[in-house]
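Chemist: Sharing my_file_12.pdb below, PDB, C-alpha atoms and all ligand atoms:
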```pdb
ATOM      1  CA  MET A   1     -17.649  17.780 -18.155
ATOM      2  CA  ALA A   2     -15.290  20.671 -17.548
ATOM      3  CA  PRO A   3     -11.656  19.779 -18.332
ATOM      4  CA  ASP A   4     -10.778  19.825 -14.623
ATOM      5  CA  ALA A   5     -13.594  17.471 -13.736
ATOM      6  CA  ASP A   6     -12.591  15.259 -16.648
ATOM      7  CA  ARG A   7      -9.004  15.023 -15.495
ATOM      8  CA  ARG A   8     -10.085  14.419 -11.918
ATOM      9  CA  GLU A   9     -12.312  11.564 -13.006
ATOM     10  CA  GLN A  10      -9.463  10.087 -15.029
ATOM     11  CA  LEU A  11      -7.112  10.274 -12.032
ATOM     12  CA  ARG A  12      -9.764   8.740  -9.804
ATOM     13  CA  ALA A  13     -10.210   5.808 -12.188
ATOM     14  CA  ASN A  14      -6.438   5.381 -12.571
ATOM     15  CA  LEU A  15      -6.020   5.321  -8.795
ATOM     16  CA  VAL A  16      -8.700   2.668  -8.369
ATOM     17  CA  ARG A  17      -7.147   0.539 -11.106
ATOM     18  CA  THR A  18      -3.643   0.966  -9.687
ATOM     19  CA  ARG A  19      -4.687   0.125  -6.143
ATOM     20  CA  ASP A  20      -6.498  -2.963  -7.441
ATOM     21  CA  ALA A  21      -3.382  -4.041  -9.312
ATOM     22  CA  ILE A  22      -1.257  -3.604  -6.184
ATOM     23  CA  ALA A  23      -3.805  -5.551  -4.139
ATOM     24  CA  SER A  24      -3.795  -8.430  -6.608
ATOM     25  CA  ALA A  25       0.020  -8.486  -6.658
ATOM     26  CA  CYS A  26      -0.150  -8.679  -2.860
ATOM     27  CA  ARG A  27      -2.648 -11.543  -2.964
ATOM     28  CA  GLU A  28      -0.445 -13.481  -5.352
ATOM     29  CA  ALA A  29       2.488 -12.945  -3.034
ATOM     30  CA  GLY A  30       0.453 -13.938   0.031
ATOM     31  CA  ARG A  31       0.748 -10.438   1.479
ATOM     32  CA  GLU A  32      -1.725  -7.971   2.943
ATOM     33  CA  PRO A  33      -2.533  -5.074   0.569
ATOM     34  CA  GLU A  34      -1.994  -2.664   3.466
ATOM     35  CA  SER A  35       1.640  -3.753   3.615
ATOM     36  CA  VAL A  36       2.431  -1.856   0.396
ATOM     37  CA  ARG A  37       2.309   1.928   0.228
ATOM     38  CA  LEU A  38       1.630   3.590  -3.115
ATOM     39  CA  ILE A  39       3.749   6.637  -3.938
ATOM     40  CA  ALA A  40       2.211   8.489  -6.905
ATOM     41  CA  VAL A  41       5.102  10.036  -8.849
ATOM     42  CA  THR A  42       3.803  13.364 -10.176
ATOM     43  CA  LYS A  43       6.946  14.470 -12.055
ATOM     44  CA  THR A  44       6.216  16.358 -15.285
ATOM     45  CA  PHE A  45       2.537  16.699 -14.275
ATOM     46  CA  PRO A  46       1.094  19.990 -13.005
ATOM     47  CA  ALA A  47       0.417  20.954  -9.401
ATOM     48  CA  SER A  48      -3.304  20.725 -10.181
ATOM     49  CA  ASP A  49      -2.903  16.961 -10.717
ATOM     50  CA  ALA A  50      -0.971  16.624  -7.467
ATOM     51  CA  ALA A  51      -3.691  18.557  -5.636
ATOM     52  CA  ALA A  52      -6.427  16.409  -7.164
ATOM     53  CA  LEU A  53      -4.653  13.215  -6.092
ATOM     54  CA  VAL A  54      -4.405  14.383  -2.490
ATOM     55  CA  GLU A  55      -8.095  15.293  -2.539
ATOM     56  CA  LEU A  56      -8.810  11.808  -3.876
ATOM     57  CA  GLY A  57      -7.104  10.359  -0.820
ATOM     58  CA  GLN A  58      -3.660   9.736  -2.330
ATOM     59  CA  ALA A  59      -1.466  11.500   0.222
ATOM     60  CA  ASP A  60       1.931  10.083  -0.781
ATOM     61  CA  LEU A  61       3.393  11.915  -3.781
ATOM     62  CA  GLY A  62       6.840  11.542  -5.344
ATOM     63  CA  GLU A  63       9.065  13.880  -7.339
ATOM     64  CA  ASN A  64      12.533  13.393  -8.799
ATOM     65  CA  ARG A  65      13.866  16.912  -9.524
ATOM     66  CA  ASP A  66      14.075  19.743  -7.034
ATOM     67  CA  GLN A  67      13.643  22.394  -9.751
ATOM     68  CA  GLU A  68      10.204  21.002 -10.424
ATOM     69  CA  ALA A  69       9.282  19.750  -6.955
ATOM     70  CA  ALA A  70      10.048  22.893  -4.944
ATOM     71  CA  PRO A  71       7.572  25.179  -6.779
ATOM     72  CA  LYS A  72       4.963  22.399  -6.911
ATOM     73  CA  ALA A  73       5.217  21.819  -3.162
ATOM     74  CA  ALA A  74       5.008  25.586  -2.558
ATOM     75  CA  GLU A  75       1.927  25.882  -4.742
ATOM     76  CA  LEU A  76       0.117  23.115  -2.877
ATOM     77  CA  GLU A  77       1.113  24.635   0.435
ATOM     78  CA  ARG A  78      -0.471  27.932  -0.649
ATOM     79  CA  LEU A  79      -3.671  25.981  -1.346
ATOM     80  CA  GLY A  80      -3.489  24.454   2.116
ATOM     81  CA  ILE A  81      -2.882  20.992   0.635
ATOM     82  CA  GLU A  82      -0.202  19.000   2.376
ATOM     83  CA  PRO A  83       0.879  15.758   0.738
ATOM     84  CA  VAL A  84       3.556  13.523   2.171
ATOM     85  CA  TRP A  85       6.364  14.389  -0.246
ATOM     86  CA  HIS A  86       8.784  11.666  -1.295
ATOM     87  CA  PHE A  87      11.926  12.805  -3.092
ATOM     88  CA  VAL A  88      12.967   9.880  -5.309
ATOM     89  CA  GLY A  89      15.511  11.327  -7.771
ATOM     90  CA  GLN A  90      19.257  11.759  -7.817
ATOM     91  CA  LEU A  91      20.150  14.539  -5.451
ATOM     92  CA  GLN A  92      23.081  16.966  -5.525
ATOM     93  CA  ARG A  93      24.431  18.381  -2.292
ATOM     94  CA  ASN A  94      23.689  21.934  -3.385
ATOM     95  CA  LYS A  95      19.974  21.037  -3.483
ATOM     96  CA  ALA A  96      19.908  19.642   0.045
ATOM     97  CA  ARG A  97      18.700  22.885   1.597
ATOM     98  CA  SER A  98      15.838  23.259  -0.827
ATOM     99  CA  VAL A  99      14.715  19.623  -0.643
ATOM    100  CA  ALA A 100      14.862  19.645   3.167
ATOM    101  CA  ARG A 101      12.147  22.314   3.211
ATOM    102  CA  TYR A 102       9.428  20.097   1.770
ATOM    103  CA  ALA A 103      10.545  16.452   1.536
ATOM    104  CA  ASP A 104       9.213  14.162   4.239
ATOM    105  CA  LEU A 105      11.092  11.140   2.917
ATOM    106  CA  ILE A 106      14.162  11.044   0.687
ATOM    107  CA  HIS A 107      14.567   7.725  -1.164
ATOM    108  CA  SER A 108      17.853   8.552  -2.855
ATOM    109  CA  VAL A 109      20.414   8.989  -0.078
ATOM    110  CA  ASP A 110      23.546   7.451  -1.536
ATOM    111  CA  ARG A 111      26.687   9.258  -0.307
ATOM    112  CA  ILE A 112      28.125  10.239   3.052
ATOM    113  CA  ARG A 113      28.655  13.833   1.910
ATOM    114  CA  LEU A 114      24.994  14.026   0.954
ATOM    115  CA  VAL A 115      24.013  12.627   4.376
ATOM    116  CA  ASP A 116      25.931  15.409   6.082
ATOM    117  CA  ALA A 117      24.394  18.107   3.859
ATOM    118  CA  LEU A 118      20.867  16.781   4.403
ATOM    119  CA  ASP A 119      21.336  16.415   8.145
ATOM    120  CA  THR A 120      22.561  19.998   8.429
ATOM    121  CA  ALA A 121      19.719  21.271   6.226
ATOM    122  CA  ALA A 122      17.035  19.332   8.104
ATOM    123  CA  ALA A 123      18.395  20.564  11.441
ATOM    124  CA  ALA A 124      18.320  24.169  10.175
ATOM    125  CA  GLN A 125      14.642  23.699   9.255
ATOM    126  CA  GLY A 126      13.902  22.049  12.592
ATOM    127  CA  ARG A 127      12.673  19.024  10.682
ATOM    128  CA  MET A 128      13.211  15.281  10.935
ATOM    129  CA  ILE A 129      13.493  13.664   7.486
ATOM    130  CA  GLU A 130      13.084   9.970   6.806
ATOM    131  CA  ALA A 131      15.928   8.547   4.738
ATOM    132  CA  LEU A 132      16.083   5.520   2.466
ATOM    133  CA  LEU A 133      19.414   4.421   1.073
ATOM    134  CA  GLN A 134      19.459   4.048  -2.685
ATOM    135  CA  VAL A 135      21.508   1.037  -3.731
ATOM    136  CA  SER A 136      23.226   0.599  -7.075
ATOM    137  CA  LEU A 137      22.410  -3.059  -7.720
ATOM    138  CA  ASP A 138      24.635  -3.471 -10.785
ATOM    139  CA  GLY A 139      27.515  -1.311  -9.569
ATOM    140  CA  ASP A 140      26.890   1.387 -12.197
ATOM    141  CA  THR A 141      26.599   4.414  -9.934
ATOM    142  CA  SER A 142      26.046   6.902 -12.776
ATOM    143  CA  ARG A 143      22.301   6.605 -12.200
ATOM    144  CA  GLY A 144      22.693   7.070  -8.459
ATOM    145  CA  GLY A 145      22.979   4.595  -5.641
ATOM    146  CA  VAL A 146      25.629   3.392  -3.233
ATOM    147  CA  LEU A 147      27.768   0.340  -3.980
ATOM    148  CA  LEU A 148      26.798  -2.746  -1.981
ATOM    149  CA  SER A 149      30.242  -2.716  -0.405
ATOM    150  CA  ASP A 150      29.646   0.786   1.006
ATOM    151  CA  LEU A 151      26.081   0.230   2.201
ATOM    152  CA  SER A 152      26.813  -0.619   5.847
ATOM    153  CA  ALA A 153      29.023   2.418   6.379
ATOM    154  CA  LEU A 154      26.405   4.688   4.810
ATOM    155  CA  ALA A 155      23.689   3.170   7.001
ATOM    156  CA  GLU A 156      25.783   3.787  10.104
ATOM    157  CA  ARG A 157      26.272   7.404   9.138
ATOM    158  CA  VAL A 158      22.547   7.997   8.638
ATOM    159  CA  ALA A 159      21.743   6.179  11.887
ATOM    160  CA  GLU A 160      24.012   8.657  13.700
ATOM    161  CA  ALA A 161      22.547  11.755  12.011
ATOM    162  CA  GLY A 162      20.451  13.764  14.440
ATOM    163  CA  SER A 163      17.856  15.043  11.956
ATOM    164  CA  LEU A 164      17.562  12.016   9.688
ATOM    165  CA  ARG A 165      15.781   8.795  10.490
ATOM    166  CA  LEU A 166      17.044   5.683   8.725
ATOM    167  CA  ARG A 167      13.995   3.928   7.257
ATOM    168  CA  GLY A 168      15.254   1.418   4.687
ATOM    169  CA  VAL A 169      16.477   0.908   1.138
ATOM    170  CA  MET A 170      15.486   1.860  -2.384
ATOM    171  CA  ALA A 171      16.566   0.768  -5.858
ATOM    172  CA  VAL A 172      15.680   1.037  -9.508
ATOM    173  CA  ALA A 173      15.989  -2.298 -11.312
ATOM    174  CA  PRO A 174      18.859  -2.168 -13.842
ATOM    175  CA  ILE A 175      17.400  -2.035 -17.355
ATOM    176  CA  ASP A 176      18.935  -5.292 -18.557
ATOM    177  CA  TRP A 177      18.173  -7.363 -15.438
ATOM    178  CA  GLU A 178      15.253  -9.603 -14.639
ATOM    179  CA  PRO A 179      13.257  -7.527 -12.123
ATOM    180  CA  VAL A 180      13.021 -10.454  -9.690
ATOM    181  CA  LYS A 181      16.809 -10.827  -9.637
ATOM    182  CA  ALA A 182      17.135  -7.110  -8.869
ATOM    183  CA  PHE A 183      14.526  -7.060  -6.128
ATOM    184  CA  GLU A 184      15.850 -10.231  -4.472
ATOM    185  CA  LEU A 185      19.240  -8.568  -4.247
ATOM    186  CA  LEU A 186      17.588  -5.465  -2.794
ATOM    187  CA  ALA A 187      15.931  -7.663  -0.152
ATOM    188  CA  GLU A 188      19.422  -8.787   0.873
ATOM    189  CA  CYS A 189      20.488  -5.138   1.074
ATOM    190  CA  SER A 190      17.524  -4.533   3.342
ATOM    191  CA  GLN A 191      18.896  -7.173   5.737
ATOM    192  CA  THR A 192      22.245  -5.387   5.770
ATOM    193  CA  VAL A 193      20.616  -2.091   6.686
ATOM    194  CA  ARG A 194      18.389  -3.712   9.310
ATOM    195  CA  SER A 195      21.471  -5.148  10.972
ATOM    196  CA  VAL A 196      22.507  -1.513  11.553
ATOM    197  CA  GLU A 197      19.030  -0.189  12.459
ATOM    198  CA  SER A 198      16.373  -2.821  13.123
ATOM    199  CA  SER A 199      13.471  -0.437  12.493
ATOM    200  CA  ALA A 200      14.693   0.432   8.963
ATOM    201  CA  THR A 201      12.272  -2.005   7.342
ATOM    202  CA  GLU A 202      11.073  -0.060   4.308
ATOM    203  CA  ILE A 203      11.886  -1.369   0.827
ATOM    204  CA  SER A 204      11.118   1.143  -1.937
ATOM    205  CA  ALA A 205      11.068  -0.828  -5.159
ATOM    206  CA  GLY A 206       8.991  -1.125  -8.261
ATOM    207  CA  MET A 207       7.812   1.304 -10.922
ATOM    208  CA  SER A 208       4.885   1.062 -13.324
ATOM    209  CA  GLY A 209       6.499  -1.695 -15.381
ATOM    210  CA  ASP A 210       7.810  -3.977 -12.642
ATOM    211  CA  PHE A 211       5.939  -3.351  -9.394
ATOM    212  CA  ALA A 212       4.350  -6.819  -9.212
ATOM    213  CA  ALA A 213       7.819  -8.402  -9.120
ATOM    214  CA  ALA A 214       8.837  -5.899  -6.454
ATOM    215  CA  VAL A 215       5.788  -6.760  -4.329
ATOM    216  CA  ALA A 216       6.607 -10.470  -4.692
ATOM    217  CA  CYS A 217      10.089  -9.720  -3.338
ATOM    218  CA  GLY A 218       8.903  -7.741  -0.318
ATOM    219  CA  ALA A 219       8.578  -4.105  -1.448
ATOM    220  CA  THR A 220       6.809  -1.937   1.125
ATOM    221  CA  MET A 221       6.626   1.125  -1.145
ATOM    222  CA  VAL A 222       6.003   1.179  -4.886
ATOM    223  CA  ARG A 223       6.707   4.359  -6.864
ATOM    224  CA  LEU A 224       4.249   4.620  -9.725
ATOM    225  CA  GLY A 225       4.035   7.474 -12.193
ATOM    226  CA  ARG A 226       2.532   6.395 -15.514
ATOM    227  CA  ASN A 227       0.048   3.968 -13.969
ATOM    228  CA  VAL A 228      -1.556   6.762 -11.983
ATOM    229  CA  LEU A 229      -1.005   9.888 -14.077
ATOM    230  CA  GLY A 230      -0.678   8.573 -17.622
ATOM    231  CA  GLU A 231       2.193   8.628 -20.087
ATOM    232  CA  ARG A 232       4.672  11.474 -19.748
ATOM    233  CA  GLU A 233       5.335  13.661 -22.759
ATOM    234  CA  VAL A 234       8.961  14.193 -21.822
ATOM    235  CA  MET A 235      11.477  11.699 -20.563
ATOM    236  CA  THR A 236      13.070  12.391 -17.201
TER     237      THR A 236
HETATM  238  C1  LIG A 301       9.790   8.418 -12.622
HETATM  239  C2  LIG A 301      10.192   7.552 -11.512
HETATM  240  C3  LIG A 301       9.328   6.550 -11.041
HETATM  241  C4  LIG A 301       7.975   6.265 -11.663
HETATM  242  O1  LIG A 301       8.164   5.699 -12.915
HETATM  243  P1  LIG A 301       6.918   5.172 -13.803
HETATM  244  O2  LIG A 301       7.559   4.304 -14.806
HETATM  245  O3  LIG A 301       6.255   6.365 -14.354
HETATM  246  O4  LIG A 301       6.041   4.402 -12.863
HETATM  247  C5  LIG A 301       9.763   5.776  -9.984
HETATM  248  N1  LIG A 301      10.970   5.969  -9.402
HETATM  249  C6  LIG A 301      11.815   6.925  -9.818
HETATM  250  C7  LIG A 301      13.122   7.076  -9.129
HETATM  251  C8  LIG A 301      11.452   7.745 -10.881
HETATM  252  O5  LIG A 301      12.311   8.691 -11.297
END
```
What's the structure tokens form of this structure?

Modeler:
Amino acid sequence: MAPDADRREQLRANLVRTRDAIASACREAGREPESVRLIAVTKTFPASDAAALVELGQADLGENRDQEAAPKAAELERLGIEPVWHFVGQLQRNKARSVARYADLIHSVDRIRLVDALDTAAAAQGRMIEALLQVSLDGDTSRGGVLLSDLSALAERVAEAGSLRLRGVMAVAPIDWEPVKAFELLAECSQTVRSVESSATEISAGMSGDFAAAVACGATMVRLGRNVLGEREVMT
């Protein structure tokens, strides 16, 4: 097989395996497989992989750095391929304008100043962007996320923003925590946000190593990189 066909076949097999694994996690949790959306995180992998995934029916793609995501999104657009782009990484205000051009959902909204920058940028593009609030479950905000004590106020700000739609919460499980403990706490955060905006029901939780625990705790979106694309050569 040509290298491209080889890679495509590998991605196809990985997708099947990953979707099966999500479905079995759902069954164990007594949930419908359709209740969990797979976001394939394509960071560090080329645009050709992203394009192949969309052609294989995997429309939801995630990226965590604008420097990498912006050219990748532009390249796919030139090919007439339009994924649903999920921005899942820490975001600086000075990147808001760039990210607002391509991101359909931003999972990492964690500060009021970022909300204002994104709202302005989305309005300038004439776009409506779906926002998830990233929560810092252990209070260490160096890896992004809002403190639990500030979550309500942040939710209210997003709910008032004209070009952002509050959709739910997101977290990364702290490295030294039991995943279930982390995702149960995130489920409580989801309640807090739903008390501000009842339709903000999305819970973005779970990566390749811990998604089954996230599904058991109610995740509606899992963000999987390695399971779908393979091991990354560089850490991000
Ligand atoms: C890279 C990344 C993922 C995917 O991680 P894997 O371990 O490759 O599944 C999920 N969420 C965020 C925020 C990421 O940066």

Chemist: Choose the residue, out of A:Asp49, A:Asp6, A:Glu63, A:Glu156, that has the smallest atom-to-atom separation from ligand LIG 301 (chain A); count all atoms listed in the file.

Modeler: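 Under the stated criterion, the closest residue is A:Glu63.
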
Chemist: I need the residue nearest A:Pro174 from this list: A:Met128, A:Cys189, A:Ala205, A:Ala161. Use only C-alpha atoms for the distance.

Modeler: A:Ala205

Chemist: Could you please extract the residues within 6 Å of ligand LIG 301 (chain A), counting all atoms listed in the file, and hand them back as a list in words?

Modeler: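 Taking all atoms listed in the file into account, the residues around ligand LIG 301 (chain A) at most 6 Å away are Val41, Asn64, Val88, Gly89, Met207, Ser208, Arg223, Leu224, Gly225 and Arg226 of chain A.
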
Chemist: Give me, as a PyMOL selection string, all polymer residues having an atom no more than 7 Å from stretch 11-16 of chain A, counting only C-alpha atoms and skipping those fewer than 4 positions away in the same chain.

Modeler: chain A and resi 7+20+56+227-229

Chemist: Which residues of stretch 66-126 of chain A come within 8 Å of stretch 139-150 of chain A, and for each one, what is the closest pair of atoms and their distance in Å to one decimal, counting all atoms listed in the file, sorted by chain and residue number, as JSON lines?

Modeler:
```
{"residue": "A:Gln90", "atom": "CA", "partner": "A:Gly144", "partner_atom": "CA", "distance": 5.8}
{"residue": "A:Ser108", "atom": "CA", "partner": "A:Gly145", "partner_atom": "CA", "distance": 7.0}
{"residue": "A:Val109", "atom": "CA", "partner": "A:Gly145", "partner_atom": "CA", "distance": 7.5}
{"residue": "A:Asp110", "atom": "CA", "partner": "A:Val146", "partner_atom": "CA", "distance": 4.9}
{"residue": "A:Arg111", "atom": "CA", "partner": "A:Val146", "partner_atom": "CA", "distance": 6.6}
```

Chemist: Could you jot down the atom CA of A:Phe211 to atom CA of A:Gln58 separation for me, Å, one decimal place?

Modeler: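 Going from atom CA of A:Phe211 over to atom CA of A:Gln58, I get 17.7 Å.
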
Chemist: Quick check on the file I pasted: which residues fall under the PyMOL selection byres (((chain A and resi 180-187) around 6) and not hetatm)? Write them as a list in words.

Modeler: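 So the PyMOL selection byres (((chain A and resi 180-187) around 6) and not hetatm), applied here, picks out Ala173, Glu178, Pro179, Glu188, Cys189, Ser190, Ala213, Ala214 and Cys217 of chain A.
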
Chemist: Identify the residues within 7 Å of coordinate (14.8, 6.7, 0.4) (same frame as the file), considering only C-alpha atoms, and give the answer as a PyMOL selection string.

Modeler: chain A and resi 88+105-109+131-134+168-170

Chemist: Would you kindly place N, CA, C and O atoms on stretch 95-113 of chain A and return the model as a PDB file, in the frame of the given file?

Modeler:
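And here is the file that came out, part-v4.pdb:
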```pdb
ATOM      1  N   LYS A  95      21.438  20.984  -3.547  1.00  0.00           N
ATOM      2  CA  LYS A  95      19.974  21.037  -3.483  1.00  0.00           C
ATOM      3  C   LYS A  95      19.454  20.610  -2.117  1.00  0.00           C
ATOM      4  O   LYS A  95      18.241  20.625  -1.880  1.00  0.00           O
ATOM      5  N   ALA A  96      20.340  20.212  -1.241  1.00  0.00           N
ATOM      6  CA  ALA A  96      19.908  19.642   0.045  1.00  0.00           C
ATOM      7  C   ALA A  96      19.041  20.629   0.827  1.00  0.00           C
ATOM      8  O   ALA A  96      18.010  20.248   1.392  1.00  0.00           O
ATOM      9  N   ARG A  97      19.455  21.891   0.822  1.00  0.00           N
ATOM     10  CA  ARG A  97      18.700  22.885   1.597  1.00  0.00           C
ATOM     11  C   ARG A  97      17.290  23.051   1.080  1.00  0.00           C
ATOM     12  O   ARG A  97      16.337  23.174   1.834  1.00  0.00           O
ATOM     13  N   SER A  98      17.161  23.088  -0.235  1.00  0.00           N
ATOM     14  CA  SER A  98      15.838  23.259  -0.827  1.00  0.00           C
ATOM     15  C   SER A  98      14.964  22.035  -0.557  1.00  0.00           C
ATOM     16  O   SER A  98      13.816  22.156  -0.116  1.00  0.00           O
ATOM     17  N   VAL A  99      15.499  20.850  -0.809  1.00  0.00           N
ATOM     18  CA  VAL A  99      14.715  19.623  -0.643  1.00  0.00           C
ATOM     19  C   VAL A  99      14.291  19.430   0.821  1.00  0.00           C
ATOM     20  O   VAL A  99      13.188  18.957   1.102  1.00  0.00           O
ATOM     21  N   ALA A 100      15.162  19.825   1.726  1.00  0.00           N
ATOM     22  CA  ALA A 100      14.862  19.645   3.167  1.00  0.00           C
ATOM     23  C   ALA A 100      13.681  20.498   3.625  1.00  0.00           C
ATOM     24  O   ALA A 100      13.125  20.256   4.691  1.00  0.00           O
ATOM     25  N   ARG A 101      13.295  21.482   2.818  1.00  0.00           N
ATOM     26  CA  ARG A 101      12.147  22.314   3.211  1.00  0.00           C
ATOM     27  C   ARG A 101      10.826  21.582   3.046  1.00  0.00           C
ATOM     28  O   ARG A 101       9.885  21.851   3.770  1.00  0.00           O
ATOM     29  N   TYR A 102      10.734  20.712   2.047  1.00  0.00           N
ATOM     30  CA  TYR A 102       9.428  20.097   1.770  1.00  0.00           C
ATOM     31  C   TYR A 102       9.421  18.570   1.849  1.00  0.00           C
ATOM     32  O   TYR A 102       8.368  17.974   2.088  1.00  0.00           O
ATOM     33  N   ALA A 103      10.568  17.926   1.614  1.00  0.00           N
ATOM     34  CA  ALA A 103      10.545  16.452   1.536  1.00  0.00           C
ATOM     35  C   ALA A 103      10.348  15.839   2.918  1.00  0.00           C
ATOM     36  O   ALA A 103      11.006  16.224   3.884  1.00  0.00           O
ATOM     37  N   ASP A 104       9.424  14.903   2.997  1.00  0.00           N
ATOM     38  CA  ASP A 104       9.213  14.162   4.239  1.00  0.00           C
ATOM     39  C   ASP A 104      10.076  12.904   4.252  1.00  0.00           C
ATOM     40  O   ASP A 104      10.540  12.476   5.297  1.00  0.00           O
ATOM     41  N   LEU A 105      10.225  12.307   3.077  1.00  0.00           N
ATOM     42  CA  LEU A 105      11.092  11.140   2.917  1.00  0.00           C
ATOM     43  C   LEU A 105      11.988  11.381   1.706  1.00  0.00           C
ATOM     44  O   LEU A 105      11.527  11.903   0.684  1.00  0.00           O
ATOM     45  N   ILE A 106      13.241  10.981   1.824  1.00  0.00           N
ATOM     46  CA  ILE A 106      14.162  11.044   0.687  1.00  0.00           C
ATOM     47  C   ILE A 106      14.624   9.615   0.403  1.00  0.00           C
ATOM     48  O   ILE A 106      15.206   8.962   1.270  1.00  0.00           O
ATOM     49  N   HIS A 107      14.297   9.128  -0.816  1.00  0.00           N
ATOM     50  CA  HIS A 107      14.567   7.725  -1.164  1.00  0.00           C
ATOM     51  C   HIS A 107      15.942   7.542  -1.793  1.00  0.00           C
ATOM     52  O   HIS A 107      16.288   6.423  -2.144  1.00  0.00           O
ATOM     53  N   SER A 108      16.660   8.617  -2.008  1.00  0.00           N
ATOM     54  CA  SER A 108      17.853   8.552  -2.855  1.00  0.00           C
ATOM     55  C   SER A 108      19.119   8.963  -2.118  1.00  0.00           C
ATOM     56  O   SER A 108      20.022   9.529  -2.721  1.00  0.00           O
ATOM     57  N   VAL A 109      19.207   8.668  -0.840  1.00  0.00           N
ATOM     58  CA  VAL A 109      20.414   8.989  -0.078  1.00  0.00           C
ATOM     59  C   VAL A 109      21.475   7.952  -0.448  1.00  0.00           C
ATOM     60  O   VAL A 109      21.255   6.753  -0.277  1.00  0.00           O
ATOM     61  N   ASP A 110      22.583   8.419  -1.005  1.00  0.00           N
ATOM     62  CA  ASP A 110      23.546   7.451  -1.536  1.00  0.00           C
ATOM     63  C   ASP A 110      25.017   7.802  -1.294  1.00  0.00           C
ATOM     64  O   ASP A 110      25.893   7.085  -1.776  1.00  0.00           O
ATOM     65  N   ARG A 111      25.289   8.905  -0.567  1.00  0.00           N
ATOM     66  CA  ARG A 111      26.687   9.258  -0.307  1.00  0.00           C
ATOM     67  C   ARG A 111      26.799   9.917   1.062  1.00  0.00           C
ATOM     68  O   ARG A 111      25.888  10.631   1.481  1.00  0.00           O
ATOM     69  N   ILE A 112      27.930   9.681   1.712  1.00  0.00           N
ATOM     70  CA  ILE A 112      28.125  10.239   3.052  1.00  0.00           C
ATOM     71  C   ILE A 112      28.085  11.765   3.017  1.00  0.00           C
ATOM     72  O   ILE A 112      27.483  12.390   3.885  1.00  0.00           O
ATOM     73  N   ARG A 113      28.668  12.369   1.982  1.00  0.00           N
ATOM     74  CA  ARG A 113      28.655  13.833   1.910  1.00  0.00           C
ATOM     75  C   ARG A 113      27.235  14.383   1.756  1.00  0.00           C
ATOM     76  O   ARG A 113      26.914  15.455   2.260  1.00  0.00           O
TER      77      ARG A 113
END
```
